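Peer 1: Input structure: run.pdb, which contains PDB, C-alpha atoms and all ligand atoms.
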```
MODEL        1
ATOM      1  CA  MET I   4     105.368  61.066  92.268  1.00  0.00           C
ATOM      2  CA  LYS I   5     102.718  61.449  89.567  1.00  0.00           C
ATOM      3  CA  PRO I   6     103.688  64.133  87.014  1.00  0.00           C
ATOM      4  CA  LEU I   7     101.122  66.946  87.024  1.00  0.00           C
ATOM      5  CA  ILE I   8     102.578  68.659  83.959  1.00  0.00           C
ATOM      6  CA  SER I   9     102.828  66.914  80.562  1.00  0.00           C
ATOM      7  CA  PRO I  10     106.359  65.716  79.648  1.00  0.00           C
ATOM      8  CA  GLU I  11     106.306  67.906  76.514  1.00  0.00           C
ATOM      9  CA  ILE I  12     105.499  71.078  78.456  1.00  0.00           C
ATOM     10  CA  GLU I  13     108.062  70.140  81.120  1.00  0.00           C
ATOM     11  CA  ALA I  14     110.759  69.670  78.426  1.00  0.00           C
ATOM     12  CA  TYR I  15     109.828  72.965  76.745  1.00  0.00           C
ATOM     13  CA  ALA I  16     109.978  74.849  80.053  1.00  0.00           C
ATOM     14  CA  LEU I  17     113.318  73.247  80.839  1.00  0.00           C
ATOM     15  CA  ALA I  18     114.754  74.171  77.444  1.00  0.00           C
ATOM     16  CA  HIS I  19     113.865  77.807  78.091  1.00  0.00           C
ATOM     17  CA  SER I  20     115.180  78.083  81.644  1.00  0.00           C
ATOM     18  CA  ARG I  21     118.599  78.429  83.271  1.00  0.00           C
ATOM     19  CA  PRO I  22     120.532  75.252  82.481  1.00  0.00           C
ATOM     20  CA  GLU I  23     121.696  72.745  85.082  1.00  0.00           C
ATOM     21  CA  SER I  24     125.379  73.004  86.045  1.00  0.00           C
ATOM     22  CA  SER I  25     127.549  70.042  85.057  1.00  0.00           C
ATOM     23  CA  ILE I  26     128.187  69.124  88.696  1.00  0.00           C
ATOM     24  CA  ARG I  27     124.468  69.048  89.473  1.00  0.00           C
ATOM     25  CA  GLN I  28     123.861  66.939  86.384  1.00  0.00           C
ATOM     26  CA  ALA I  29     126.485  64.439  87.565  1.00  0.00           C
ATOM     27  CA  LEU I  30     124.977  64.397  91.079  1.00  0.00           C
ATOM     28  CA  ARG I  31     121.454  63.880  89.741  1.00  0.00           C
ATOM     29  CA  GLU I  32     122.605  61.065  87.448  1.00  0.00           C
ATOM     30  CA  GLU I  33     124.470  59.288  90.266  1.00  0.00           C
ATOM     31  CA  THR I  34     121.429  59.666  92.532  1.00  0.00           C
ATOM     32  CA  GLU I  35     119.191  58.199  89.795  1.00  0.00           C
ATOM     33  CA  ARG I  36     121.617  55.279  89.275  1.00  0.00           C
ATOM     34  CA  THR I  37     122.099  54.432  92.935  1.00  0.00           C
ATOM     35  CA  ARG I  38     118.962  55.399  94.866  1.00  0.00           C
ATOM     36  CA  ASP I  39     115.423  54.001  94.590  1.00  0.00           C
ATOM     37  CA  ASP I  40     114.093  57.269  95.998  1.00  0.00           C
ATOM     38  CA  ALA I  41     115.844  59.516  93.416  1.00  0.00           C
ATOM     39  CA  VAL I  42     112.467  61.026  92.477  1.00  0.00           C
ATOM     40  CA  MET I  43     112.900  63.205  95.591  1.00  0.00           C
ATOM     41  CA  VAL I  44     115.515  65.354  93.807  1.00  0.00           C
ATOM     42  CA  VAL I  45     113.905  68.655  92.787  1.00  0.00           C
ATOM     43  CA  GLY I  46     115.538  68.443  89.330  1.00  0.00           C
ATOM     44  CA  PRO I  47     116.711  71.111  86.886  1.00  0.00           C
ATOM     45  CA  LEU I  48     113.475  73.058  86.310  1.00  0.00           C
ATOM     46  CA  GLU I  49     112.469  73.494  89.952  1.00  0.00           C
ATOM     47  CA  GLY I  50     116.183  73.977  90.663  1.00  0.00           C
ATOM     48  CA  ALA I  51     116.249  76.964  88.294  1.00  0.00           C
ATOM     49  CA  PHE I  52     113.148  78.315  90.047  1.00  0.00           C
ATOM     50  CA  LEU I  53     114.818  77.995  93.471  1.00  0.00           C
ATOM     51  CA  GLN I  54     117.875  79.801  92.121  1.00  0.00           C
ATOM     52  CA  MET I  55     115.736  82.611  90.727  1.00  0.00           C
ATOM     53  CA  MET I  56     113.962  83.030  94.079  1.00  0.00           C
ATOM     54  CA  ALA I  57     117.285  83.155  95.948  1.00  0.00           C
ATOM     55  CA  GLN I  58     118.588  85.811  93.571  1.00  0.00           C
ATOM     56  CA  LEU I  59     115.391  87.885  93.666  1.00  0.00           C
ATOM     57  CA  VAL I  60     115.623  88.217  97.462  1.00  0.00           C
ATOM     58  CA  GLY I  61     119.411  88.699  97.299  1.00  0.00           C
ATOM     59  CA  ALA I  62     119.789  85.756  99.681  1.00  0.00           C
ATOM     60  CA  LYS I  63     122.940  85.534 101.775  1.00  0.00           C
ATOM     61  CA  ARG I  64     121.688  83.065 104.376  1.00  0.00           C
ATOM     62  CA  VAL I  65     119.641  80.076 103.199  1.00  0.00           C
ATOM     63  CA  LEU I  66     118.155  77.344 105.396  1.00  0.00           C
ATOM     64  CA  GLU I  67     117.140  74.059 103.817  1.00  0.00           C
ATOM     65  CA  ILE I  68     115.062  71.391 105.555  1.00  0.00           C
ATOM     66  CA  GLY I  69     115.704  68.100 103.719  1.00  0.00           C
ATOM     67  CA  MET I  70     119.029  67.904 101.845  1.00  0.00           C
ATOM     68  CA  PHE I  71     118.937  64.301 100.528  1.00  0.00           C
ATOM     69  CA  THR I  72     121.936  63.921  98.172  1.00  0.00           C
ATOM     70  CA  GLY I  73     122.482  67.670  98.007  1.00  0.00           C
ATOM     71  CA  TYR I  74     120.964  68.747  94.692  1.00  0.00           C
ATOM     72  CA  SER I  75     118.843  71.672  95.917  1.00  0.00           C
ATOM     73  CA  ALA I  76     121.525  72.766  98.398  1.00  0.00           C
ATOM     74  CA  LEU I  77     123.914  73.059  95.435  1.00  0.00           C
ATOM     75  CA  CYS I  78     121.285  75.054  93.522  1.00  0.00           C
ATOM     76  CA  PHE I  79     121.219  77.602  96.332  1.00  0.00           C
ATOM     77  CA  ALA I  80     124.984  77.697  96.814  1.00  0.00           C
ATOM     78  CA  GLU I  81     125.442  78.358  93.082  1.00  0.00           C
ATOM     79  CA  ALA I  82     122.858  81.165  93.157  1.00  0.00           C
ATOM     80  CA  ILE I  83     123.883  83.153  96.242  1.00  0.00           C
ATOM     81  CA  SER I  84     126.867  85.439  96.672  1.00  0.00           C
ATOM     82  CA  GLU I  85     130.331  84.038  97.427  1.00  0.00           C
ATOM     83  CA  ASP I  86     130.127  85.068 101.075  1.00  0.00           C
ATOM     84  CA  GLY I  87     126.680  83.491 101.478  1.00  0.00           C
ATOM     85  CA  THR I  88     125.866  80.343 103.465  1.00  0.00           C
ATOM     86  CA  VAL I  89     123.474  77.448 102.979  1.00  0.00           C
ATOM     87  CA  ILE I  90     122.630  75.513 106.144  1.00  0.00           C
ATOM     88  CA  THR I  91     120.997  72.213 105.251  1.00  0.00           C
ATOM     89  CA  CYS I  92     119.379  69.596 107.513  1.00  0.00           C
ATOM     90  CA  GLU I  93     119.329  65.823 106.961  1.00  0.00           C
ATOM     91  CA  ILE I  94     118.971  62.557 108.896  1.00  0.00           C
ATOM     92  CA  ASP I  95     120.054  60.015 106.241  1.00  0.00           C
ATOM     93  CA  GLU I  96     123.812  59.379 106.549  1.00  0.00           C
ATOM     94  CA  GLU I  97     124.072  57.520 103.222  1.00  0.00           C
ATOM     95  CA  ALA I  98     122.446  60.365 101.308  1.00  0.00           C
ATOM     96  CA  ALA I  99     124.668  62.861 103.132  1.00  0.00           C
ATOM     97  CA  ALA I 100     127.785  60.907 102.133  1.00  0.00           C
ATOM     98  CA  ILE I 101     126.888  61.406  98.464  1.00  0.00           C
ATOM     99  CA  ALA I 102     126.186  65.105  99.078  1.00  0.00           C
ATOM    100  CA  ARG I 103     129.566  65.604 100.800  1.00  0.00           C
ATOM    101  CA  ARG I 104     131.438  64.129  97.816  1.00  0.00           C
ATOM    102  CA  TYR I 105     129.748  66.520  95.392  1.00  0.00           C
ATOM    103  CA  PHE I 106     130.075  69.544  97.699  1.00  0.00           C
ATOM    104  CA  ALA I 107     133.808  68.814  97.869  1.00  0.00           C
ATOM    105  CA  ARG I 108     133.985  68.887  94.057  1.00  0.00           C
ATOM    106  CA  SER I 109     132.007  72.114  93.659  1.00  0.00           C
ATOM    107  CA  PRO I 110     133.691  75.536  93.917  1.00  0.00           C
ATOM    108  CA  VAL I 111     130.742  76.707  96.053  1.00  0.00           C
ATOM    109  CA  GLY I 112     130.487  73.559  98.184  1.00  0.00           C
ATOM    110  CA  LYS I 113     132.474  75.237 100.975  1.00  0.00           C
ATOM    111  CA  ASN I 114     129.494  77.541 101.535  1.00  0.00           C
ATOM    112  CA  ILE I 115     127.207  74.624 102.481  1.00  0.00           C
ATOM    113  CA  GLU I 116     126.987  73.519 106.139  1.00  0.00           C
ATOM    114  CA  ILE I 117     125.323  70.157 106.786  1.00  0.00           C
ATOM    115  CA  ARG I 118     123.458  69.690 110.073  1.00  0.00           C
ATOM    116  CA  MET I 119     122.704  66.031 110.727  1.00  0.00           C
ATOM    117  CA  GLY I 120     119.773  65.136 112.983  1.00  0.00           C
ATOM    118  CA  PRO I 121     116.031  65.738 113.177  1.00  0.00           C
ATOM    119  CA  ALA I 122     115.434  69.069 111.481  1.00  0.00           C
ATOM    120  CA  ILE I 123     112.991  70.391 114.060  1.00  0.00           C
ATOM    121  CA  GLU I 124     115.679  70.053 116.749  1.00  0.00           C
ATOM    122  CA  THR I 125     118.267  71.707 114.506  1.00  0.00           C
ATOM    123  CA  MET I 126     115.855  74.558 113.797  1.00  0.00           C
ATOM    124  CA  ARG I 127     115.453  75.169 117.537  1.00  0.00           C
ATOM    125  CA  THR I 128     119.214  75.717 117.848  1.00  0.00           C
ATOM    126  CA  LEU I 129     119.485  78.111 114.900  1.00  0.00           C
ATOM    127  CA  THR I 130     119.374  81.883 115.032  1.00  0.00           C
ATOM    128  CA  GLY I 131     117.780  83.921 112.237  1.00  0.00           C
ATOM    129  CA  PRO I 132     117.372  85.810 110.122  1.00  0.00           C
ATOM    130  CA  PHE I 133     117.443  83.640 107.018  1.00  0.00           C
ATOM    131  CA  ASP I 134     116.684  85.278 103.672  1.00  0.00           C
ATOM    132  CA  LEU I 135     115.318  82.079 102.154  1.00  0.00           C
ATOM    133  CA  ILE I 136     114.002  78.921 103.819  1.00  0.00           C
ATOM    134  CA  PHE I 137     113.275  75.824 101.733  1.00  0.00           C
ATOM    135  CA  ILE I 138     111.153  73.117 103.348  1.00  0.00           C
ATOM    136  CA  ASP I 139     111.431  69.693 101.689  1.00  0.00           C
ATOM    137  CA  ALA I 140     111.592  66.990 104.387  1.00  0.00           C
ATOM    138  CA  ASP I 141     109.077  64.730 106.202  1.00  0.00           C
ATOM    139  CA  LYS I 142     105.562  65.947 105.436  1.00  0.00           C
ATOM    140  CA  ILE I 143     104.185  65.082 108.893  1.00  0.00           C
ATOM    141  CA  ASN I 144     106.254  67.935 110.327  1.00  0.00           C
ATOM    142  CA  TYR I 145     105.436  70.511 107.652  1.00  0.00           C
ATOM    143  CA  VAL I 146     103.317  72.733 109.930  1.00  0.00           C
ATOM    144  CA  ASN I 147     106.033  72.614 112.618  1.00  0.00           C
ATOM    145  CA  TYR I 148     108.712  73.530 110.064  1.00  0.00           C
ATOM    146  CA  TYR I 149     106.529  76.365 108.775  1.00  0.00           C
ATOM    147  CA  GLN I 150     105.859  77.799 112.235  1.00  0.00           C
ATOM    148  CA  ARG I 151     109.506  77.664 113.327  1.00  0.00           C
ATOM    149  CA  GLY I 152     110.609  78.815 109.868  1.00  0.00           C
ATOM    150  CA  LEU I 153     108.518  81.962 110.199  1.00  0.00           C
ATOM    151  CA  GLU I 154     110.364  82.830 113.418  1.00  0.00           C
ATOM    152  CA  LEU I 155     113.675  82.440 111.584  1.00  0.00           C
ATOM    153  CA  LEU I 156     112.687  84.234 108.361  1.00  0.00           C
ATOM    154  CA  ALA I 157     114.042  87.711 107.604  1.00  0.00           C
ATOM    155  CA  PRO I 158     111.355  90.429 107.315  1.00  0.00           C
ATOM    156  CA  ARG I 159     111.732  90.534 103.514  1.00  0.00           C
ATOM    157  CA  GLY I 160     112.684  86.881 103.182  1.00  0.00           C
ATOM    158  CA  VAL I 161     110.882  84.104 101.340  1.00  0.00           C
ATOM    159  CA  MET I 162     109.857  80.628 102.415  1.00  0.00           C
ATOM    160  CA  LEU I 163     109.445  77.924  99.780  1.00  0.00           C
ATOM    161  CA  ILE I 164     107.617  74.715 100.658  1.00  0.00           C
ATOM    162  CA  ASP I 165     107.869  71.748  98.294  1.00  0.00           C
ATOM    163  CA  ASN I 166     105.401  69.011  97.246  1.00  0.00           C
ATOM    164  CA  VAL I 167     102.325  70.949  98.346  1.00  0.00           C
ATOM    165  CA  LEU I 168     100.213  69.379  95.559  1.00  0.00           C
ATOM    166  CA  TRP I 169     101.417  65.876  96.506  1.00  0.00           C
ATOM    167  CA  SER I 170     100.758  64.325  93.074  1.00  0.00           C
ATOM    168  CA  GLY I 171      97.262  65.830  93.180  1.00  0.00           C
ATOM    169  CA  GLU I 172      96.315  63.852  96.324  1.00  0.00           C
ATOM    170  CA  VAL I 173      95.549  67.136  98.118  1.00  0.00           C
ATOM    171  CA  LEU I 174      92.222  67.222  96.230  1.00  0.00           C
ATOM    172  CA  LYS I 175      90.969  64.121  98.059  1.00  0.00           C
ATOM    173  CA  GLN I 176      88.506  64.405 100.945  1.00  0.00           C
ATOM    174  CA  PRO I 177      88.857  62.723 103.301  1.00  0.00           C
ATOM    175  CA  PRO I 178      92.653  62.573 102.885  1.00  0.00           C
ATOM    176  CA  PRO I 179      93.819  59.033 102.026  1.00  0.00           C
ATOM    177  CA  ASP I 180      96.714  59.015 104.505  1.00  0.00           C
ATOM    178  CA  GLU I 181      98.550  60.974 107.200  1.00  0.00           C
ATOM    179  CA  ARG I 182     101.016  62.655 104.874  1.00  0.00           C
ATOM    180  CA  THR I 183      98.296  63.961 102.570  1.00  0.00           C
ATOM    181  CA  ALA I 184      96.422  65.245 105.625  1.00  0.00           C
ATOM    182  CA  ALA I 185      99.581  66.988 106.861  1.00  0.00           C
ATOM    183  CA  ILE I 186     100.088  68.755 103.532  1.00  0.00           C
ATOM    184  CA  GLN I 187      96.428  69.803 103.396  1.00  0.00           C
ATOM    185  CA  GLU I 188      96.789  71.164 106.942  1.00  0.00           C
ATOM    186  CA  LEU I 189      99.913  73.128 105.961  1.00  0.00           C
ATOM    187  CA  ASN I 190      98.232  74.633 102.881  1.00  0.00           C
ATOM    188  CA  ARG I 191      95.218  75.621 105.009  1.00  0.00           C
ATOM    189  CA  ALA I 192      97.390  77.049 107.810  1.00  0.00           C
ATOM    190  CA  VAL I 193      99.339  79.245 105.394  1.00  0.00           C
ATOM    191  CA  ALA I 194      96.214  80.420 103.529  1.00  0.00           C
ATOM    192  CA  GLN I 195      94.593  81.432 106.847  1.00  0.00           C
ATOM    193  CA  ASP I 196      97.688  82.964 108.460  1.00  0.00           C
ATOM    194  CA  PRO I 197      97.142  86.761 108.643  1.00  0.00           C
ATOM    195  CA  ARG I 198     100.923  87.342 108.938  1.00  0.00           C
ATOM    196  CA  VAL I 199     101.770  86.113 105.440  1.00  0.00           C
ATOM    197  CA  THR I 200     100.840  86.203 101.791  1.00  0.00           C
ATOM    198  CA  ALA I 201     101.378  83.173  99.545  1.00  0.00           C
ATOM    199  CA  VAL I 202     101.117  81.775  96.048  1.00  0.00           C
ATOM    200  CA  LEU I 203     100.948  78.075  95.238  1.00  0.00           C
ATOM    201  CA  VAL I 204     103.015  77.635  92.089  1.00  0.00           C
ATOM    202  CA  THR I 205     102.143  74.581  89.972  1.00  0.00           C
ATOM    203  CA  ILE I 206     105.753  73.726  89.145  1.00  0.00           C
ATOM    204  CA  ARG I 207     106.607  69.993  89.407  1.00  0.00           C
ATOM    205  CA  ASP I 208     104.781  68.735  92.553  1.00  0.00           C
ATOM    206  CA  GLY I 209     103.722  72.241  93.703  1.00  0.00           C
ATOM    207  CA  VAL I 210     105.790  74.873  95.495  1.00  0.00           C
ATOM    208  CA  LEU I 211     104.207  77.203  98.026  1.00  0.00           C
ATOM    209  CA  VAL I 212     105.923  80.608  97.997  1.00  0.00           C
ATOM    210  CA  VAL I 213     105.360  82.498 101.256  1.00  0.00           C
ATOM    211  CA  ARG I 214     106.395  85.957 102.454  1.00  0.00           C
ATOM    212  CA  ARG I 215     105.393  88.210 105.303  1.00  0.00           C
ATOM    213  CA  LYS I 216     102.777  90.873 104.664  1.00  0.00           C
ATOM    214  CA  THR I 217     104.400  94.273 104.581  1.00  0.00           C
TER     215      THR I 217
HETATM  216  C1  LIG Y 301     112.419  65.123  99.378  1.00  0.00           C
HETATM  217  S1  LIG Y 301     113.970  64.755 100.075  1.00  0.00           S
HETATM  218  C2  LIG Y 301     114.898  66.233  99.841  1.00  0.00           C
HETATM  219  C3  LIG Y 301     115.324  66.428  98.410  1.00  0.00           C
HETATM  220  C4  LIG Y 301     116.317  67.531  98.213  1.00  0.00           C
HETATM  221  N1  LIG Y 301     115.776  68.805  98.621  1.00  0.00           N
HETATM  222  C5  LIG Y 301     116.761  67.566  96.781  1.00  0.00           C
HETATM  223  O1  LIG Y 301     116.213  68.324  95.972  1.00  0.00           O
HETATM  224  O2  LIG Y 301     117.628  66.764  96.394  1.00  0.00           O
HETATM  225  C6  LIG Y 301     113.618  64.775 101.798  1.00  0.00           C
HETATM  226  C7  LIG Y 301     114.809  64.497 102.688  1.00  0.00           C
HETATM  227  O3  LIG Y 301     114.419  64.835 104.023  1.00  0.00           O
HETATM  228  C8  LIG Y 301     115.073  63.960 104.892  1.00  0.00           C
HETATM  229  N2  LIG Y 301     114.355  63.942 106.179  1.00  0.00           N
HETATM  230  C9  LIG Y 301     113.232  63.253 106.477  1.00  0.00           C
HETATM  231  N3  LIG Y 301     112.871  63.486 107.748  1.00  0.00           N
HETATM  232  C10 LIG Y 301     113.772  64.352 108.259  1.00  0.00           C
HETATM  233  C11 LIG Y 301     113.934  64.977 109.518  1.00  0.00           C
HETATM  234  N4  LIG Y 301     113.074  64.753 110.521  1.00  0.00           N
HETATM  235  N5  LIG Y 301     114.974  65.814 109.701  1.00  0.00           N
HETATM  236  C12 LIG Y 301     115.859  66.058 108.679  1.00  0.00           C
HETATM  237  N6  LIG Y 301     115.745  65.491 107.468  1.00  0.00           N
HETATM  238  C13 LIG Y 301     114.726  64.655 107.245  1.00  0.00           C
HETATM  239  C14 LIG Y 301     115.061  62.614 104.179  1.00  0.00           C
HETATM  240  O4  LIG Y 301     116.060  61.760 104.688  1.00  0.00           O
HETATM  241  C15 LIG Y 301     115.248  63.031 102.724  1.00  0.00           C
HETATM  242  O5  LIG Y 301     116.600  62.932 102.345  1.00  0.00           O
ENDMDL
END
```
Would you give me this structure, written as structure tokens?
Peer 2:
Amino acid sequence: MKPLISPEIEAYALAHSRPESSIRQALREETERTRDDAVMVVGPLEGAFLQMMAQLVGAKRVLEIGMFTGYSALCFAEAISEDGTVITCEIDEEAAAIARRYFARSPVGKNIEIRMGPAIETMRTLTGPFDLIFIDADKINYVNYYQRGLELLAPRGVMLIDNVLWSGEVLKQPPPDERTAAIQELNRAVAQDPRVTAVLVTIRDGVLVVRRKT
């Protein structure tokens, strides 16, 4: 992932935002030590943003598409009320094993339910409403996740979709590969959807914040 924000600005923003919990720091550091794909972790600044969004909508039920080693799921569990639930979808058993160890160590880990298997199939089995839906899995399915997510989203809920700037590749026409094309299609679909209103926030790799029109 190519950083879109200068390291100095990123560090300044981080220093003036809600700090990372010690358990998330330990999880992030283990992920960085042991996984080549650790760059997928949202990290402390976007994590603080996700927590703020969850608290602003008073989220009790959160659905996450793409858990990886559990960092963002822990962000949500820490931010929502004690009787809240985070349902998180994943297909990678090795990543999930790391997540389970850290959820077991966290006082809020009991509020996280892991659903293994292709997320689109899991989403078909779920019943809404969810107050917050975070989409952060395979980009090829982003439009499918968005469409099903909208059916599951509470009327005043929020959907957050990660990596929508894709290291800046979204500017390229024609798109250089299938994943870039899928993200461009998602951004277009949301912008043209009369049911919703959205803002593309330039935090980290871009987060699309979507809610229904009232
Ligand atoms: C970008 S990572 C998620 C990072 C995570 N949100 C975090 O901040 O730590 C995307 C994850 O989606 C998972 N994934 C990919 N395709 C999937 C699918 N079809 N169903 C469920 N999970 C999938 C990958 O295994 C990977 O762990």
Peer 1: Run the PyMOL selection byres (((chain I and resi 167) around 9) and not hetatm) mentally over the shown coordinates, then write out the matched residues as a list in words, using the chain letters and numbers from the document.
Peer 2: Ile164, Asp165, Asn166, Leu168, Trp169, Ser170, Gly171, Val173, Ile186, Gln187, Leu189, Asn190, Leu203, Asp208, Gly209, Val210 and Leu211 of chain I
Peer 1: Convert the output of the PyMOL selection byres (((chain I and resi 131-135) around 12) and not hetatm) on the shown file into explicit residues, formatted as a PyMOL selection string.
Peer 2: chain I and resi 53-68+76+79-80+82-83+87-91+126-130+136-138+151-164+212-215
Peer 1: Counting all atoms listed in the file, what residues are within 9 Å of ligand LIG 301 (chain Y), given as an MDAnalysis selection string?
Peer 2: chainID I and resid 31 34 40:46 49:50 67:78 91:96 98:99 118:125 137:144 165:166
Peer 1: Taking the file above as input, evaluate the PyMOL selection byres (((chain I and resi 192) around 12) and not hetatm) and report the hits as a PDB file with C-alpha atoms, in the frame of the given file.
Peer 2:
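See expr_10.pdb below for the written result:
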```
ATOM      1  CA  TYR I 145     105.436  70.511 107.652  1.00  0.00           C
ATOM      2  CA  VAL I 146     103.317  72.733 109.930  1.00  0.00           C
ATOM      3  CA  ASN I 147     106.033  72.614 112.618  1.00  0.00           C
ATOM      4  CA  TYR I 149     106.529  76.365 108.775  1.00  0.00           C
ATOM      5  CA  GLN I 150     105.859  77.799 112.235  1.00  0.00           C
ATOM      6  CA  ALA I 185      99.581  66.988 106.861  1.00  0.00           C
ATOM      7  CA  ILE I 186     100.088  68.755 103.532  1.00  0.00           C
ATOM      8  CA  GLN I 187      96.428  69.803 103.396  1.00  0.00           C
ATOM      9  CA  GLU I 188      96.789  71.164 106.942  1.00  0.00           C
ATOM     10  CA  LEU I 189      99.913  73.128 105.961  1.00  0.00           C
ATOM     11  CA  ASN I 190      98.232  74.633 102.881  1.00  0.00           C
ATOM     12  CA  ARG I 191      95.218  75.621 105.009  1.00  0.00           C
ATOM     13  CA  VAL I 193      99.339  79.245 105.394  1.00  0.00           C
ATOM     14  CA  ALA I 194      96.214  80.420 103.529  1.00  0.00           C
ATOM     15  CA  GLN I 195      94.593  81.432 106.847  1.00  0.00           C
ATOM     16  CA  ASP I 196      97.688  82.964 108.460  1.00  0.00           C
ATOM     17  CA  PRO I 197      97.142  86.761 108.643  1.00  0.00           C
ATOM     18  CA  ARG I 198     100.923  87.342 108.938  1.00  0.00           C
ATOM     19  CA  VAL I 199     101.770  86.113 105.440  1.00  0.00           C
ATOM     20  CA  THR I 200     100.840  86.203 101.791  1.00  0.00           C
ATOM     21  CA  ALA I 201     101.378  83.173  99.545  1.00  0.00           C
ATOM     22  CA  LEU I 211     104.207  77.203  98.026  1.00  0.00           C
ATOM     23  CA  VAL I 213     105.360  82.498 101.256  1.00  0.00           C
TER      24      VAL I 213
END
```
Peer 1: Each side padded by 6 Å, which centre and which edge lengths in Å (one decimal) define the axis-aligned box around the listed atoms of stretch 184-195 of chain I? Give them as AutoDock Vina command-line options.
Peer 2:
```
--center_x 97.3 --center_y 73.3 --center_z 105.3 --size_x 17.5 --size_y 28.2 --size_z 16.9
```
Peer 1: At what distance in Å, to one decimal, does atom CA of I:Pro110 lie from atom CA of I:Pro22?
Peer 2: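 Spanning atom CA of I:Pro22 to atom CA of I:Pro110 is a straight-line distance of 17.4 Å.
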Peer 1: Give me, please, the distance in Å between atom CA of I:Val204 and atom CA of I:Arg27, quoted to one decimal.
Peer 2: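 The value is 23.3 Å.
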Peer 1: Please measure the separation of atom CA of I:Arg38 and atom CA of I:Lys5, giving the value in Å to one decimal.
Peer 2: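 Pair atom CA of I:Arg38 / atom CA of I:Lys5 returns 18.1 Å.
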Peer 1: When distances are computed from all atoms listed in the file, which of I:Gln176, I:Thr37, I:Ser109, I:Thr205 shows the smallest separation from I:Ser25?
Peer 2: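 Looking only at the distances to I:Ser25, the closest residue turns out to be I:Ser109.
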